[in-house]
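Have a look at work.csv below; it lists CSV, C-alpha atoms and all ligand atoms.
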chain,number,residue,atom,x,y,z
M,20,MET,CA,42.4,5.5,-20.6
M,21,ARG,CA,40.7,3.2,-18.1
M,22,ILE,CA,37.8,1.1,-19.5
M,23,SER,CA,35.2,0.1,-17.0
M,24,VAL,CA,31.7,-1.0,-18.0
M,25,LYS,CA,30.6,-0.3,-14.5
M,26,ASP,CA,31.7,3.4,-14.9
M,27,MET,CA,29.9,3.6,-18.2
M,28,ALA,CA,26.8,2.0,-16.8
M,29,ASP,CA,26.8,4.5,-13.9
M,30,ARG,CA,27.2,7.4,-16.3
M,31,HIS,CA,24.5,6.0,-18.6
M,32,VAL,CA,22.0,5.8,-15.8
M,33,ALA,CA,22.8,9.3,-14.5
M,34,ALA,CA,22.4,10.7,-18.0
M,35,ASN,CA,19.1,8.9,-18.7
M,36,GLN,CA,16.9,9.7,-15.7
M,37,LYS,CA,13.2,9.2,-16.2
M,38,HIS,CA,11.4,12.4,-16.9
M,39,TRP,CA,8.0,12.9,-15.5
M,40,SER,CA,5.4,15.3,-16.8
M,41,HIS,CA,3.9,15.6,-13.3
M,42,ASP,CA,5.9,17.5,-10.7
M,43,ARG,CA,6.6,14.7,-8.2
M,44,LEU,CA,7.5,17.2,-5.5
M,45,THR,CA,3.9,18.3,-5.2
M,46,THR,CA,2.3,15.0,-4.4
M,47,VAL,CA,3.2,11.7,-2.6
M,48,GLY,CA,3.3,8.8,-5.1
M,49,ALA,CA,1.8,5.4,-4.5
M,50,SER,CA,5.2,3.9,-4.1
M,51,GLU,CA,6.1,6.4,-1.4
M,52,ILE,CA,3.0,6.7,0.6
M,53,PHE,CA,3.6,3.8,2.9
M,54,LEU,CA,7.4,4.5,3.3
M,55,CYS,CA,8.5,6.3,6.5
M,56,ALA,CA,6.6,9.5,6.6
M,57,ARG,CA,9.5,11.5,7.7
M,58,ARG,CA,11.8,10.2,4.9
M,59,THR,CA,9.2,11.0,2.3
M,60,ALA,CA,8.7,14.5,3.8
M,61,TYR,CA,12.5,15.1,3.6
M,62,ALA,CA,12.5,14.0,-0.1
M,63,LYS,CA,9.5,16.3,-0.9
M,64,ALA,CA,11.3,19.2,0.7
M,65,GLU,CA,14.2,18.6,-1.6
M,66,THR,CA,16.5,18.0,1.4
M,67,PRO,CA,20.0,17.3,0.3
M,68,PRO,CA,20.9,13.6,0.9
M,69,ASP,CA,23.5,12.7,3.5
M,70,ALA,CA,27.0,13.3,2.2
M,71,ASP,CA,27.9,9.6,2.4
M,72,HIS,CA,24.7,8.3,1.0
M,73,GLU,CA,25.0,6.2,-2.1
M,74,ASP,CA,22.0,6.1,-4.5
M,75,ARG,CA,21.8,2.5,-5.6
M,76,TYR,CA,20.0,2.4,-8.9
M,77,GLY,CA,20.1,-1.3,-9.5
M,78,ALA,CA,16.7,-2.4,-8.2
M,79,ARG,CA,15.0,0.6,-9.9
M,80,VAL,CA,16.6,-0.1,-13.3
M,81,ARG,CA,15.9,-3.8,-13.0
M,82,GLY,CA,12.2,-3.0,-12.4
M,83,ASP,CA,12.1,-0.6,-15.4
M,84,LEU,CA,13.8,-3.1,-17.7
M,85,ILE,CA,11.5,-5.9,-16.7
M,86,GLU,CA,8.4,-3.8,-17.0
M,87,ASN,CA,9.2,-2.1,-20.3
M,88,HIS,CA,10.9,-5.0,-22.1
M,89,PHE,CA,9.1,-8.1,-20.8
M,90,TRP,CA,6.0,-7.5,-18.7
M,91,GLU,CA,4.2,-4.8,-20.8
M,92,PRO,CA,5.0,-6.3,-24.2
M,93,ALA,CA,3.8,-9.7,-22.9
M,94,ILE,CA,0.5,-8.4,-21.8
M,95,ARG,CA,0.0,-6.1,-24.8
M,96,GLY,CA,0.7,-8.9,-27.2
M,97,GLN,CA,-1.1,-11.8,-25.5
M,98,LYS,CA,-4.1,-10.3,-23.7
M,99,PRO,CA,-7.4,-12.1,-24.6
M,100,GLU,CA,-9.2,-10.9,-27.7
M,101,GLY,CA,-11.5,-7.9,-27.0
M,102,VAL,CA,-9.6,-6.9,-23.9
M,103,GLN,CA,-7.9,-3.4,-23.9
M,104,PHE,CA,-4.7,-2.6,-22.1
M,105,LEU,CA,-4.8,1.0,-20.9
M,106,PHE,CA,-2.5,3.4,-19.0
M,107,ALA,CA,0.6,1.2,-19.7
M,108,GLY,CA,3.9,1.6,-21.4
M,109,ARG,CA,4.0,4.8,-23.4
M,110,GLU,CA,0.4,5.5,-22.4
M,111,GLN,CA,1.2,5.5,-18.7
M,112,LYS,CA,-0.7,8.2,-16.9
M,113,THR,CA,-0.1,10.0,-13.6
M,114,LEU,CA,-3.3,10.4,-11.7
M,115,VAL,CA,-3.7,12.9,-9.0
M,116,ASP,CA,-6.2,13.2,-6.2
M,117,GLY,CA,-5.3,16.0,-3.7
M,118,TYR,CA,-1.8,15.3,-2.5
M,119,LEU,CA,-1.8,11.7,-3.6
M,120,SER,CA,-0.7,10.5,-7.0
M,121,ALA,CA,0.1,7.3,-8.9
M,122,THR,CA,1.5,6.3,-12.2
M,123,SER,CA,-0.3,3.1,-13.0
M,124,ASP,CA,1.4,0.1,-14.5
M,125,GLY,CA,-1.8,-0.9,-16.5
M,126,LEU,CA,-5.5,-1.5,-16.5
M,127,LEU,CA,-7.2,-4.3,-18.4
M,128,VAL,CA,-10.7,-3.4,-19.7
M,129,GLY,CA,-13.2,-5.8,-21.0
M,130,VAL,CA,-12.1,-8.8,-18.9
M,131,ALA,CA,-14.5,-11.6,-18.0
M,132,PRO,CA,-16.1,-11.5,-14.5
M,133,ASP,CA,-14.4,-14.8,-13.6
M,134,ALA,CA,-10.9,-13.7,-14.7
M,135,LEU,CA,-9.6,-14.3,-11.2
M,136,ALA,CA,-11.6,-17.4,-10.4
M,137,HIS,CA,-8.3,-19.3,-10.0
M,138,HIS,CA,-7.5,-16.9,-7.1
M,139,GLY,CA,-10.8,-17.7,-5.4
M,140,ILE,CA,-12.6,-14.7,-6.8
M,141,PRO,CA,-15.7,-15.9,-8.7
M,142,ASP,CA,-16.8,-12.5,-9.9
M,143,LEU,CA,-14.8,-9.3,-10.3
M,144,GLY,CA,-17.9,-7.2,-10.0
M,145,SER,CA,-16.8,-5.2,-13.1
M,146,ASP,CA,-15.0,-5.8,-16.3
M,147,VAL,CA,-11.8,-4.0,-15.3
M,148,LEU,CA,-8.7,-5.3,-13.6
M,149,VAL,CA,-5.6,-3.3,-12.4
M,150,VAL,CA,-2.4,-5.1,-13.2
M,151,GLU,CA,0.8,-4.3,-11.3
M,152,CYS,CA,4.3,-5.3,-12.3
M,153,LYS,CA,6.9,-6.2,-9.7
M,154,SER,CA,10.2,-8.0,-9.8
M,155,ILE,CA,11.6,-9.7,-6.8
M,156,ASP,CA,15.0,-10.9,-5.5
M,157,PRO,CA,14.8,-14.8,-5.6
M,158,ARG,CA,16.0,-15.0,-2.0
M,159,VAL,CA,12.8,-13.4,-0.8
M,160,SER,CA,10.2,-15.8,0.3
M,161,LEU,CA,6.8,-14.7,-1.0
M,162,LYS,CA,3.8,-16.1,0.9
M,163,GLU,CA,1.6,-13.0,0.1
M,164,ALA,CA,2.0,-9.7,-1.6
M,165,LYS,CA,4.4,-7.4,0.3
M,166,SER,CA,2.4,-5.0,2.4
M,167,GLU,CA,3.9,-1.9,0.8
M,168,HIS,CA,3.0,-3.3,-2.6
M,169,SER,CA,-0.6,-4.1,-1.5
M,170,GLY,CA,-0.9,-0.6,-0.2
M,171,GLN,CA,0.5,0.9,-3.4
M,172,THR,CA,-2.0,-1.2,-5.4
M,173,GLN,CA,-4.8,0.1,-3.3
M,174,VAL,CA,-3.7,3.6,-4.1
M,175,GLN,CA,-3.6,2.7,-7.8
M,176,MET,CA,-7.2,1.3,-7.7
M,177,GLY,CA,-8.4,4.3,-5.7
M,178,LEU,CA,-6.9,6.8,-8.1
M,179,ILE,CA,-8.3,5.1,-11.1
M,180,ARG,CA,-11.7,5.1,-9.4
M,181,ALA,CA,-11.4,8.8,-8.5
M,182,CYS,CA,-10.0,10.1,-11.7
M,183,THR,CA,-11.3,7.9,-14.6
M,184,PRO,CA,-14.7,6.4,-15.5
M,185,TYR,CA,-13.3,2.9,-14.5
M,186,ARG,CA,-14.2,1.2,-11.2
M,187,PRO,CA,-11.7,-1.6,-10.6
M,188,ASN,CA,-12.6,-3.8,-7.6
M,189,PHE,CA,-9.5,-5.9,-7.9
M,190,ALA,CA,-5.9,-5.8,-8.9
M,191,LEU,CA,-3.4,-8.5,-9.8
M,192,ILE,CA,0.1,-8.1,-8.5
M,193,SER,CA,2.7,-10.2,-10.5
M,194,TYR,CA,6.2,-10.7,-9.1
M,195,ALA,CA,8.7,-11.8,-11.7
M,196,ASP,CA,11.7,-13.6,-10.2
M,197,ALA,CA,14.7,-11.4,-11.1
M,198,SER,CA,16.9,-14.4,-11.8
M,199,PHE,CA,14.4,-16.6,-13.6
M,200,LEU,CA,11.8,-14.5,-15.3
M,201,ASP,CA,9.6,-17.5,-16.1
M,202,THR,CA,8.9,-17.8,-12.4
M,203,ILE,CA,6.0,-15.4,-11.8
M,204,THR,CA,4.0,-15.4,-8.6
M,205,GLU,CA,0.7,-13.6,-8.6
M,206,PHE,CA,-1.6,-12.2,-5.9
M,207,ALA,CA,-5.1,-10.8,-6.2
M,208,VAL,CA,-5.9,-7.7,-4.1
M,209,ALA,CA,-9.4,-6.5,-3.4
M,210,PHE,CA,-10.0,-2.7,-3.3
M,211,ASP,CA,-10.5,-1.4,0.3
M,212,PRO,CA,-11.8,2.2,0.3
M,213,THR,CA,-10.6,2.7,3.9
M,214,VAL,CA,-7.0,2.1,2.9
M,215,TYR,CA,-7.4,4.6,0.1
M,216,SER,CA,-8.8,7.3,2.3
M,217,ALA,CA,-6.2,6.7,5.0
M,218,ALA,CA,-3.5,7.0,2.2
M,219,LYS,CA,-5.1,10.3,1.1
M,220,ALA,CA,-5.1,11.7,4.6
M,221,ARG,CA,-1.5,10.5,5.1
M,222,ALA,CA,-0.3,12.2,1.9
M,223,GLY,CA,-1.8,15.6,3.2
M,224,LYS,CA,0.0,15.2,6.5
M,225,ILE,CA,3.3,14.5,4.8
M,226,MET,CA,3.0,17.4,2.3
M,227,LEU,CA,1.7,19.9,4.8
M,228,ALA,CA,4.4,19.2,7.5
M,229,GLU,CA,6.3,22.4,8.1
M,230,ASP,CA,9.4,20.4,9.2
M,231,PRO,CA,9.9,16.7,8.3
M,232,ALA,CA,11.3,16.2,11.8
M,233,GLU,CA,7.8,16.9,13.2
M,234,LEU,CA,6.6,13.6,11.6
M,235,PRO,CA,7.3,10.4,13.5
M,236,PRO,CA,10.5,8.5,12.5
M,237,GLU,CA,8.5,5.5,11.3
M,238,GLY,CA,11.5,3.7,9.9
M,239,LYS,CA,13.2,3.7,13.2
M,240,ILE,CA,10.0,2.8,15.0
M,241,ALA,CA,9.6,-0.2,12.7
M,242,GLY,CA,13.0,-1.6,13.6
M,243,GLY,CA,15.4,0.4,11.4
M,244,GLY,CA,15.4,-1.7,8.3
M,245,GLU,CA,14.3,1.2,6.1
M,246,CYS,CA,16.8,3.5,7.7
M,247,LYS,CA,19.6,1.5,6.2
M,248,HIS,CA,18.7,2.8,2.7
M,249,CYS,CA,17.5,6.2,3.8
M,250,ALA,CA,19.2,9.2,2.2
M,251,PHE,CA,18.5,11.3,5.3
M,252,HIS,CA,19.6,9.0,8.0
M,253,ARG,CA,22.2,11.3,9.5
M,254,ARG,CA,19.9,14.3,9.3
M,255,CYS,CA,17.1,12.4,11.0
M,256,GLN,CA,19.4,11.1,13.7
M,257,GLY,CA,20.8,14.6,14.2
M,258,SER,CA,17.3,16.2,14.6
M,259,LEU,CA,16.4,13.5,17.2
M,260,VAL,CA,19.5,14.2,19.2
M,261,ALA,CA,19.0,18.0,18.9
M,262,SER,CA,15.4,17.6,20.2
M,263,ILE,CA,16.5,16.2,23.6
M,264,PRO,CA,15.7,18.9,26.2
M,265,LYS,CA,18.8,20.5,27.8
M,266,GLU,CA,17.2,20.7,31.3
M,267,SER,CA,15.8,18.3,33.9
M,268,ILE,CA,12.9,20.1,35.5
M,269,PRO,CA,10.0,19.1,37.8
M,270,ILE,CA,6.8,18.1,36.0
M,271,GLY,CA,3.1,18.2,37.0
M,272,ASP,CA,0.8,15.4,38.3
M,273,ASN,CA,-1.0,14.8,34.9
M,274,ALA,CA,2.3,14.6,33.0
M,275,MET,CA,3.7,12.2,35.7
M,276,ALA,CA,0.6,10.0,35.4
M,277,SER,CA,0.9,9.9,31.6
M,278,LEU,CA,4.5,8.9,31.8
M,279,LYS,CA,3.9,6.2,34.4
M,280,ALA,CA,1.2,4.7,32.2
M,281,LEU,CA,3.6,4.7,29.2
M,282,VAL,CA,6.3,3.1,31.4
M,283,GLU,CA,3.9,0.3,32.4
M,284,GLN,CA,2.9,-0.3,28.8
M,285,HIS,CA,6.6,-0.4,27.9
M,286,GLU,CA,7.3,-3.0,30.6
M,287,ALA,CA,4.4,-5.1,29.3
M,288,ALA,CA,5.6,-4.9,25.7
M,289,ASP,CA,9.1,-5.9,26.9
M,290,ALA,CA,7.8,-8.9,28.7
M,291,THR,CA,5.8,-10.0,25.6
M,292,ALA,CA,8.9,-9.5,23.3
M,293,GLU,CA,11.1,-11.4,25.7
M,294,ALA,CA,8.6,-14.4,25.8
M,295,ALA,CA,8.3,-14.4,22.0
M,296,GLY,CA,12.1,-14.2,21.6
M,297,LYS,CA,12.5,-17.2,24.0
M,298,ARG,CA,9.8,-19.2,22.2
M,299,ARG,CA,11.5,-18.4,18.8
M,300,GLU,CA,14.8,-19.6,20.1
M,301,GLU,CA,13.2,-22.8,21.4
M,302,ILE,CA,11.7,-23.5,18.0
M,303,ARG,CA,15.0,-22.8,16.3
M,304,GLU,CA,16.7,-25.3,18.6
M,305,GLN,CA,14.0,-27.9,17.8
M,306,VAL,CA,14.7,-27.4,14.1
M,307,ARG,CA,18.5,-27.9,14.7
M,308,VAL,CA,17.9,-31.1,16.6
M,309,LEU,CA,15.6,-32.4,13.8
M,310,LEU,CA,18.0,-31.6,11.1
M,311,ARG,CA,20.8,-33.2,13.1
M,312,ASP,CA,18.7,-36.4,13.6
M,313,LEU,CA,17.8,-36.4,9.9
M,314,GLY,CA,21.4,-35.9,8.9
M,315,THR,CA,20.7,-33.0,6.5
M,316,ARG,CA,21.6,-29.3,6.5
M,317,LYS,CA,19.1,-28.2,3.8
M,318,VAL,CA,15.4,-28.8,3.2
M,319,ALA,CA,13.2,-27.3,0.5
M,320,GLY,CA,9.6,-28.0,1.3
M,321,ASP,CA,6.2,-26.9,0.1
M,322,GLY,CA,6.3,-23.1,0.6
M,323,PHE,CA,9.3,-23.1,3.0
M,324,SER,CA,13.1,-23.8,3.0
M,325,ILE,CA,15.6,-24.3,5.7
M,326,SER,CA,19.4,-24.2,5.5
M,327,TRP,CA,21.9,-24.6,8.3
M,328,PHE,CA,25.6,-23.9,7.7
M,329,PRO,CA,28.7,-22.8,9.6
M,330,VAL,CA,29.7,-19.2,9.3
M,331,LYS,CA,33.3,-18.1,9.4
M,332,GLY,CA,34.3,-15.8,12.2
M,333,ARG,CA,34.6,-12.1,11.3
M,334,LYS,CA,38.0,-10.6,10.9
M,335,SER,CA,38.6,-7.8,13.4
M,336,LEU,CA,41.6,-5.7,14.4
M,337,ASP,CA,43.4,-6.6,17.6
M,338,ARG,CA,44.1,-3.1,18.9
M,339,LYS,CA,45.9,-4.4,22.0
M,340,ALA,CA,48.3,-6.5,19.9
M,341,ALA,CA,48.9,-3.5,17.6
M,342,GLU,CA,49.7,-1.4,20.7
M,343,ARG,CA,52.0,-4.1,22.0
M,344,ALA,CA,53.8,-4.0,18.7
M,345,GLY,CA,54.2,-0.2,19.1
M,346,ILE,CA,51.7,0.7,16.4
M,347,ASP,CA,49.7,3.8,17.3
M,348,LEU,CA,46.2,3.5,15.6
M,349,SER,CA,44.7,6.5,17.2
M,350,PRO,CA,45.2,8.8,14.2
M,351,PHE,CA,42.8,6.5,12.4
M,352,ASP,CA,40.1,6.7,15.0
M,353,ARG,CA,36.8,8.1,13.8
M,354,GLU,CA,34.1,9.4,16.0
M,355,GLY,CA,30.6,8.4,14.9
M,356,ASP,CA,27.6,10.8,14.7
M,357,PRO,CA,26.0,11.5,18.0
M,358,THR,CA,23.1,9.3,18.8
M,359,GLU,CA,20.5,9.0,21.6
M,360,ARG,CA,19.6,6.5,24.3
M,361,LEU,CA,16.3,6.4,26.2
M,362,THR,CA,16.4,4.3,29.3
M,363,ILE,CA,13.1,3.2,30.8
M,364,THR,CA,13.0,1.3,34.1
M,365,LEU,CA,10.1,0.3,36.3
M,366,ASN,CA,11.2,0.1,39.9
M,401,LIG,S1,16.4,7.4,9.1
M,401,LIG,FE1,14.7,6.0,9.3
M,401,LIG,S2,13.3,7.1,10.6
M,401,LIG,FE2,14.7,8.6,9.8
M,401,LIG,S3,13.7,9.5,8.0
M,401,LIG,FE3,15.0,7.8,7.3
M,401,LIG,S4,13.7,6.0,7.3
M,401,LIG,FE4,12.7,7.6,8.5
Written form, structure tokens:
Amino acid sequence: MRISVKDMADRHVAANQKHWSHDRLTTVGASEIFLCARRTAYAKAETPPDADHEDRYGARVRGDLIENHFWEPAIRGQKPEGVQFLFAGREQKTLVDGYLSATSDGLLVGVAPDALAHHGIPDLGSDVLVVECKSIDPRVSLKEAKSEHSGQTQVQMGLIRACTPYRPNFALISYADASFLDTITEFAVAFDPTVYSAAKARAGKIMLAEDPAELPPEGKIAGGGECKHCAFHRRCQGSLVASIPKESIPIGDNAMASLKALVEQHEAADATAEAAGKRREEIREQVRVLLRDLGTRKVAGDGFSISWFPVKGRKSLDRKAAERAGIDLSPFDREGDPTERLTITLN
């Protein structure tokens, strides 16, 4: 019988899924609220994932391991005397406000007002502090808290304010380096009620959408990075293609004026992007010249790093050579999913 630790680990994770007392299909969680709205709506509607989607559990399990076996015991065991650590570990609570929910990592109660003075915050304005556990790939450069984590933390603070007697004004996000757990980077986040109310409204919009496809494809709009990990990529793409009108018909003056205004804005955005792209390349060339002059390919500075190295060419199949050799590759051709193209030109 084949022995594979990877197989056993996969089965172990599948058989030991986290169980939530709260029905997560009825609300949008703090970790989901700032993801692509359409993606979250597909998930809430229990839409089956794309057939070829692979659910990578690695980052999720890594986060749980670090939180449960390192972060939470460290805080619980070492918090200053007189400070309580609530809503953490086994006492984690899911708080719900309308369609928005969050399971907090932890709340410190009884902290000194100057607990975050080393982050430039002389007075917390209360004796409570939200603490948020994150782990991070060491290749990621962290100059500030990631925007999705800041947003998630705002939701945590807002829900604690809305559902408990505590009024946190600040949170501390700690990022543990996934390779070297003793490297922990911390950022303080101040509560912003406008972010919380925007998140609440957004949760309602997502939960009340009749069809996820009526929500904007925010992942695609943001450049497609999120789409690479989205379980509904094919479905989303298919609905976009299916929504293309079949006909080409005359339109009225108002619609024509609206489209013309959008085309002009598109042209202006294109020009800005082109200028920014050119400037970026000029700067990159200056960096290359400087490295060449200095005779180094790697620099690690204060808050930045640069490396310059050759990359091997990609291997590709020479179809023409195969044909010349009498090999017919057409039985192995695969047609991709239909996609869409929008061409905008200003004459
Ligand atoms: S494929 Fe991209 S745009 Fe579509 S639902 Fe997924 S993340 Fe959103």
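The smallest atom-to-atom distance between M:Pro157 and any of M:Glu304, M:Ala93, M:Leu200, M:Asp211, using all atoms listed in the file, is found for M:Leu200.
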Inset, instruction - Name the residues in contact with M:Arg221 at a cut-off of 12 Å, using only C-alpha atoms, excluding same-chain residues fewer than 5 positions from it; report them as a ChimeraX atom specification. - result: /M:46-49,51-57,59-60,117-119,174,214-216,226-228,234
Inset, instruction - Could you pull out the residues sitting within 10 Å of ligand LIG 401 (chain M), using only C-alpha atoms and all ligand atoms, and write them as number ranges by chain? - result: M: 54-62, 231-232, 234-259
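Reported to one decimal place, the separation of atom CA of M:Gly322 from atom CA of M:Val150 is 24.3 Å.
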Legend entry - Interatomic distance (Å, one decimal) between atom CA of M:Asp230 and atom CA of M:His41: 23.7 Å
Inset, instruction - For atom CA of M:Glu86 and atom CA of M:Gly108, quote the distance in Å rounded to one decimal. - result: 8.3 Å
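Take the candidates M:Ala197, M:Lys25, M:Thr291, M:Thr122 and check each one against M:Leu84 using all atoms listed in the file; the shortest distance goes to M:Ala197.
Distances here use all atoms listed in the file; by that measure, the residue among M:Ser145, M:Asn273, M:Ser326, M:Ser198 closest to M:Arg186 is M:Ser145.
Counting all atoms listed in the file and comparing M:Gln305, M:Thr362, M:Gln175, M:Thr113, the residue that lies closest to M:Asp42 is M:Thr113.
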